[in-house]
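First the structure, in the form of structure tokens, and then the observations on it.
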Amino acid sequence: MSIYDKIIKKEAKIAVIGLGYVGLPIALAFAKKVKVIGFDINEKRVALMNKGIDPSDELTKKDFAGSDIKFTHKLEDLKEANFFIIAVPTPIDEHNLPDLKPLIGASTTVGKVLKKGDYVVYESTVYPGCTEEDCIPVLEKLSGLKYIKDFKVGYSPERINPGDKEHTITKILKVVSGCDKESLDNISKVYEIIVEPGTHKAASIKVAEAAKIIENTQRDVNIALMNELSIIFSRMGINTYDVLAAAGTKWNFLKFFPGLVGGHCIGVDPYYLTYKAESLGYHARVINSGRYVNDSMGFYVAKNIVKRMSALGKNISKSKVLIMGATFKEDVSDIRNSKVADIVKELKSFSVKVDVVDPHADSDELQHEYGFGLNKIGKGYDGVIVAVNHKEYISLDEKFFKSILSNKGVLVDVKGIYRGKMNNVTYWSL
């Protein structure tokens with residue numbers, strides 16, 4: 001009997017390792033159909049999930065209902081599983097190099113409980129070759145088993161978009177790969193239990209890894225072009241969004257927009273690809289240039305508001321600026337790799353007093369991660385930066401901004417959401 005048949009008949013269990021914004025939705029989706037073990041090393045997170053609470057604040061209690069799942073932080077419980085899905089973070093370090101510690105840690109955990117006939121599928125974004133070169137040796141060493149002969153491995157990249165209620169795990173075509181034909185067929189069938197559009201069978205594990213990493217690299221490079229264009233157009237005295245609205249009337253114009261590129265995907269994944277390229281003796285010029293532009297945008301925004309306040313006669317060292325939005329994207333609570341932190345850091349280097357507000361972010365998390373917390377909106381700001389286009393900010397009008405800005409105050413609208421609506425306020429956007 002195949003591993004798929006055993007799972008369908010509930011004679012085998014799926015274990016999801018890492019219950020963050022990727023792992024938890026996968027675990028719950030499977031748990032509506034088959035038996036699942038949800039494993040996370042964070043005991044506090046596990047306790048919350050046992051109460052039907054998503055620590056990432058993406059899912060509701062309704063999403064937990066009717067799920068055949070056991071949440072645990074105990075290694076012993078994983079021995080009951082036969083199909084392991086690893087969905088842990090793959091961040092970068094302070095030098096923009098891949099940090100594989102969570103991935104190797106998860107591989108170590110699974111290696112300790114791996115049995116003959118078991119399957120391991122990786123979902124974490126990595127450079128091509130990482131699964132076979134870095135992870136599988138750990139599984140073999142800890143289990144004492146032989147890859148392919150005793151256990152099977154596959155790679156199926158996650159495609160979850162935080163805050164997106166439309167493109168969920170069950171609605172997105174799933175790329176799958178395996179170490180041989182048998183594993184590819186079984187892994188594909190297992191994911192088709194929950195994925196309605198079905199699967200795309202990649203030619204190899206390495207191809208699947210590469211496909212995932214270029215999805216975000218492509219977006220990163222395109223957004224970098226828009227950011228560079230916004231810098232050029234700003235010097236010309238024309239609005240980038242006006243230009244894009246005109247250019248976008250052509251049927252094949254790609255509609256990307258300038259902005260702050262943070263988070264745990266677009267702002268991170270390209271570094272995994274450039275790292276691998278360097279190890280093979282190739283310096284990725286286009287990708288690295290795009291990363292440089294996007295990583296610089298927080299500082300660029302800060303310098304621009306300082307420049308405009310100074311031109312209006314403000315004493316910069318005695319100025320006060322409000323930043324609206326601190327998460328890495330709109331309508332989520334996730335602050336990982338938020339480029340708003342760069343704006344705060346740059347403004348403070350000019351001795352500007354900075355207040356930060358956000359309806360979704362957690363003040364303690366911000367304090368721990370970046371050294372600043374959240375404030376209440378005050379009055380008399382010499383500058384206001386709307387950095388994240390949360391839904392709570394979309395309908396704000398000129399009257400509101402005039403009420404909190406000082407005389408000759410400056411409004412910076414990073415995403416251009418108030419374009420054409422500000423007539424009596426000094427206004428600038430990317």
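The chains in the structure tokens are called A, B, ... from first to last as shown; in each chain the residues are counted from 1, and the ligands are counted from 1 in the order shown.
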> segment 71-88 of chain A: which residues within 8 Å, counting only C-alpha atoms, same-chain residues fewer than 6 positions away excluded, as number ranges by chain?
Replying inline: A: 3, 12-20, 22-23, 37-43, 46, 49-50, 102-103, 106-107, 109-110, 113-115, 117-124
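Between Ala361 of chain A and the candidates A:Thr168, A:Ser56, A:Asn96, A:Ser183, the tightest atom-to-atom separation, counting only C-alpha atoms, involves A:Ser56.
Considering only C-alpha atoms, the residue among A:Ser188, A:Asn222, A:Thr170, A:Asn389 positioned nearest to Phe328 of chain A is A:Asn389.
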>> Env of Val261 of chain A: 7 Å cut, atoms = only C-alpha atoms, seq-sep filter 5 positions within chain, self excluded. Answer as a PyMOL selection string.
In response: chain A and resi 266-267+294+339
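The space separating atom CA of Asp362 of chain A from atom CA of Val340 of chain A comes to 14.2 Å.
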>> Taking only segment 196-390 of chain A into account, list the residues labelled strand (DSSP E or B) by DSSP (computed from the backbone), as a PyMOL selection string.
In response: chain A and resi 199-201+320-324+353-357+381-386
With N, CA and C atoms retained, export the selected residues as a short mmCIF file (atom, residue, chain, number, x, y, z; two decimals), in the first residue's frame.
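And here's again.cif as it stands now:
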data_model
loop_
_atom_site.label_atom_id
_atom_site.label_comp_id
_atom_site.auth_asym_id
_atom_site.auth_seq_id
_atom_site.Cartn_x
_atom_site.Cartn_y
_atom_site.Cartn_z
N THR A 199 -1.72 19.91 -9.08
CA THR A 199 -0.28 20.11 -8.92
C THR A 199 0.43 20.20 -10.26
N HIS A 200 1.58 20.84 -10.23
CA HIS A 200 2.51 20.83 -11.37
C HIS A 200 3.72 20.01 -10.95
N LYS A 201 4.00 18.94 -11.69
CA LYS A 201 5.11 18.07 -11.34
C LYS A 201 6.41 18.61 -11.96
N LYS A 320 9.51 67.12 14.31
CA LYS A 320 8.77 65.94 14.76
C LYS A 320 8.05 65.32 13.57
N VAL A 321 8.27 64.01 13.37
CA VAL A 321 7.68 63.32 12.23
C VAL A 321 6.84 62.14 12.71
N LEU A 322 5.68 61.95 12.09
CA LEU A 322 4.82 60.81 12.36
C LEU A 322 4.94 59.82 11.20
N ILE A 323 5.17 58.55 11.54
CA ILE A 323 5.17 57.49 10.53
C ILE A 323 3.93 56.63 10.75
N MET A 324 3.12 56.51 9.71
CA MET A 324 1.89 55.73 9.79
C MET A 324 2.10 54.40 9.07
N LYS A 353 12.56 63.83 16.07
CA LYS A 353 11.71 63.05 16.99
C LYS A 353 10.70 62.28 16.14
N VAL A 354 10.62 60.97 16.36
CA VAL A 354 9.78 60.13 15.52
C VAL A 354 8.70 59.44 16.34
N ASP A 355 7.45 59.58 15.91
CA ASP A 355 6.33 58.80 16.44
C ASP A 355 5.92 57.78 15.38
N VAL A 356 5.56 56.58 15.82
CA VAL A 356 5.13 55.52 14.89
C VAL A 356 3.78 54.99 15.35
N VAL A 357 2.84 54.88 14.42
CA VAL A 357 1.54 54.28 14.72
C VAL A 357 1.26 53.16 13.72
N TYR A 381 2.93 67.94 13.81
CA TYR A 381 4.03 67.23 13.13
C TYR A 381 4.56 68.06 11.96
N ASP A 382 5.86 68.13 11.87
CA ASP A 382 6.47 68.83 10.75
C ASP A 382 6.46 67.97 9.49
N GLY A 383 6.28 66.68 9.69
CA GLY A 383 6.17 65.77 8.57
C GLY A 383 5.37 64.54 8.95
N VAL A 384 4.62 64.02 8.00
CA VAL A 384 3.89 62.77 8.19
C VAL A 384 4.23 61.85 7.01
N ILE A 385 4.63 60.61 7.32
CA ILE A 385 4.93 59.64 6.28
C ILE A 385 3.90 58.50 6.38
N VAL A 386 3.07 58.36 5.37
CA VAL A 386 2.17 57.21 5.30
C VAL A 386 2.96 56.12 4.58
#
